[in-house]
Amino acid sequence: MSATGDRARALLNEINGAGGCSHPIRLQGETLNAATGELRQSTLKVPCKDRRAAVCPSCSRLYGADAWILVATGLNGGKGVPEGVATHPRLFVTVTAPSFGAVHTRRTSGARCHARRAHECCEHKIPRWCGVVHELGSDGLGAPLCEACFDERGAVLWNATSSHLWDRTMVRLRRQLAASAGMTTTELGRVGQVHYLKVAELQRRGLVHFHALLRADGAQGPQSDPPMWLTADRLEMAFRSVVRTTTVTGLDGASRCWGSQVDVSDLSSAEGDDRRIAGYLSKYATKTTDGSVAFARPFTSRREIERLQTSPHLRHLALTAWRLGGTKDLRALRLREHAHTLGYRGQLITKSRRYSTTFASLRGARVEFRAAWSHDDPIEGSFN
């Protein structure tokens, strides 16, 4: 009975040591007991640290918690960010992709999906209307009314260009703010700065959109207040203006822009929303393309995509990304490596350098905390 109890405790310690990871990595090497000087061969299991909930729920919860801290400290301070940022102008914005074809959707008003007085059909003899009031979570949401009419090529290439479009938008936002104050971008940097954190979400229709936090700071970043003229209203006005007019040109020579749906909320007047927004954004940092393990990792072949147990629409987009990735003119986009994200090539969560703390800082603090409780020090270079 005692031996069984010892084995159970050892197993529990092993699980706890790996943080409850579903796919721990086994390492072998030597450890040194700092108290006794004993050197011994040891086996360690360390967590896989995969951010995706569909792959490893335990590691993804830790990643999501770190993402929550990243968002929250940029809103309210902490972890080296002064608490004064809570008084700075802050916006919560959402920018979307343009339409590449009508899809089944759920109206917030409770209206029918696509109600039309005249029941017309497209050139492929598919109805342009849908009289269904879709339920939340319905399998049909996001699917095109007509798959043949949906521009899958344009959708994939928009995903591939969206990060560049965001970067261009932020550059033009700073220029717009400077111009509105009658100064150059360099002069603006001497009195004020704009920092951001954005999270990408792949919608059911297979197109990425961005949720982002924008914050106006002073010349020293979070440590200083922005100039009096750099208000939330002026920041919103400049952002809406550049979103309407910013375009980028893709490798195929086509011009790409944002969709018409743009949401902007002033967090200065929204009490109690900071915690909700932090939870909302960190949730998306642990998702795969469709929330399942099927799109968790890059595909290795076209056949693998064809066998996916997913919606036909997402499968078609992944196949389109794979096909385009094999063309000479678009090879630089590495679309085959990103077919599992339907062509989107960026990180799911990114931020400007001085928005808040970093993942590396949070992980470093956690390592130091755990090291203080460890009696055995790993011999550097021995574990593999």
# chains A, B, ... in the order shown; residues from 1 in each chain; ligands from 1
$ residues_around --residues "Gln261 (chain A)" --least-positions-apart "6" --cutoff "10 Å" --atoms "only C-alpha atoms" --output "PDB file with N, CA, C and O atoms, in the first residue's frame"
ATOM      1  N   THR A  94     -12.710  48.191 -33.505  1.00  0.00           N
ATOM      2  CA  THR A  94     -12.805  46.964 -34.286  1.00  0.00           C
ATOM      3  C   THR A  94     -12.852  47.326 -35.760  1.00  0.00           C
ATOM      4  O   THR A  94     -13.667  48.160 -36.161  1.00  0.00           O
ATOM      5  N   VAL A  95     -11.949  46.743 -36.535  1.00  0.00           N
ATOM      6  CA  VAL A  95     -11.954  46.953 -37.986  1.00  0.00           C
ATOM      7  C   VAL A  95     -12.135  45.601 -38.661  1.00  0.00           C
ATOM      8  O   VAL A  95     -11.631  44.576 -38.186  1.00  0.00           O
ATOM      9  N   THR A  96     -12.857  45.588 -39.764  1.00  0.00           N
ATOM     10  CA  THR A  96     -13.248  44.339 -40.408  1.00  0.00           C
ATOM     11  C   THR A  96     -12.799  44.298 -41.861  1.00  0.00           C
ATOM     12  O   THR A  96     -12.350  45.302 -42.425  1.00  0.00           O
ATOM     13  N   ALA A  97     -12.962  43.135 -42.448  1.00  0.00           N
ATOM     14  CA  ALA A  97     -12.647  42.951 -43.870  1.00  0.00           C
ATOM     15  C   ALA A  97     -13.835  43.376 -44.720  1.00  0.00           C
ATOM     16  O   ALA A  97     -14.981  43.370 -44.259  1.00  0.00           O
ATOM     17  N   PRO A  98     -13.591  43.743 -45.963  1.00  0.00           N
ATOM     18  CA  PRO A  98     -14.709  44.026 -46.876  1.00  0.00           C
ATOM     19  C   PRO A  98     -15.449  42.741 -47.224  1.00  0.00           C
ATOM     20  O   PRO A  98     -15.022  41.638 -46.861  1.00  0.00           O
TER      21      PRO A  98
END
$ select_by_dssp --residues "region 45-168 of chain A" --states "strand (DSSP E)" --output "PyMOL selection string"
chain A and resi 45-46+90-95
$ atom_distance --atom1 "CA of Gly279 (chain A)" --atom2 "CA of Ala318 (chain A)"
29.2 Å
$ residues_around --residues "Leu330 (chain A)" --least-positions-apart "2" --cutoff "12 Å" --atoms "only C-alpha atoms" --output "list of chain:residue names"
A:Arg153, A:Val156, A:Leu157, A:Ala160, A:Thr161, A:Gly250, A:Leu251, A:Asp252, A:Gly253, A:Ala321, A:Trp322, A:Arg323, A:Leu324, A:Gly325, A:Gly326, A:Thr327, A:Lys328, A:Ala332, A:Leu333, A:Arg334, A:Leu335, A:Arg336, A:Gly343
$ closest_atom_pairs --of "region 170-214 of chain A" --to "region 306-317 of chain A" --cutoff "10 Å" --atoms "only C-alpha atoms" --output "CSV"
residue,atom,partner,partner_atom,distance
A:Arg204,CA,A:Leu314,CA,8.3
A:Arg205,CA,A:His313,CA,7.8
A:Gly206,CA,A:Leu314,CA,6.3
A:Leu207,CA,A:Leu317,CA,9.7
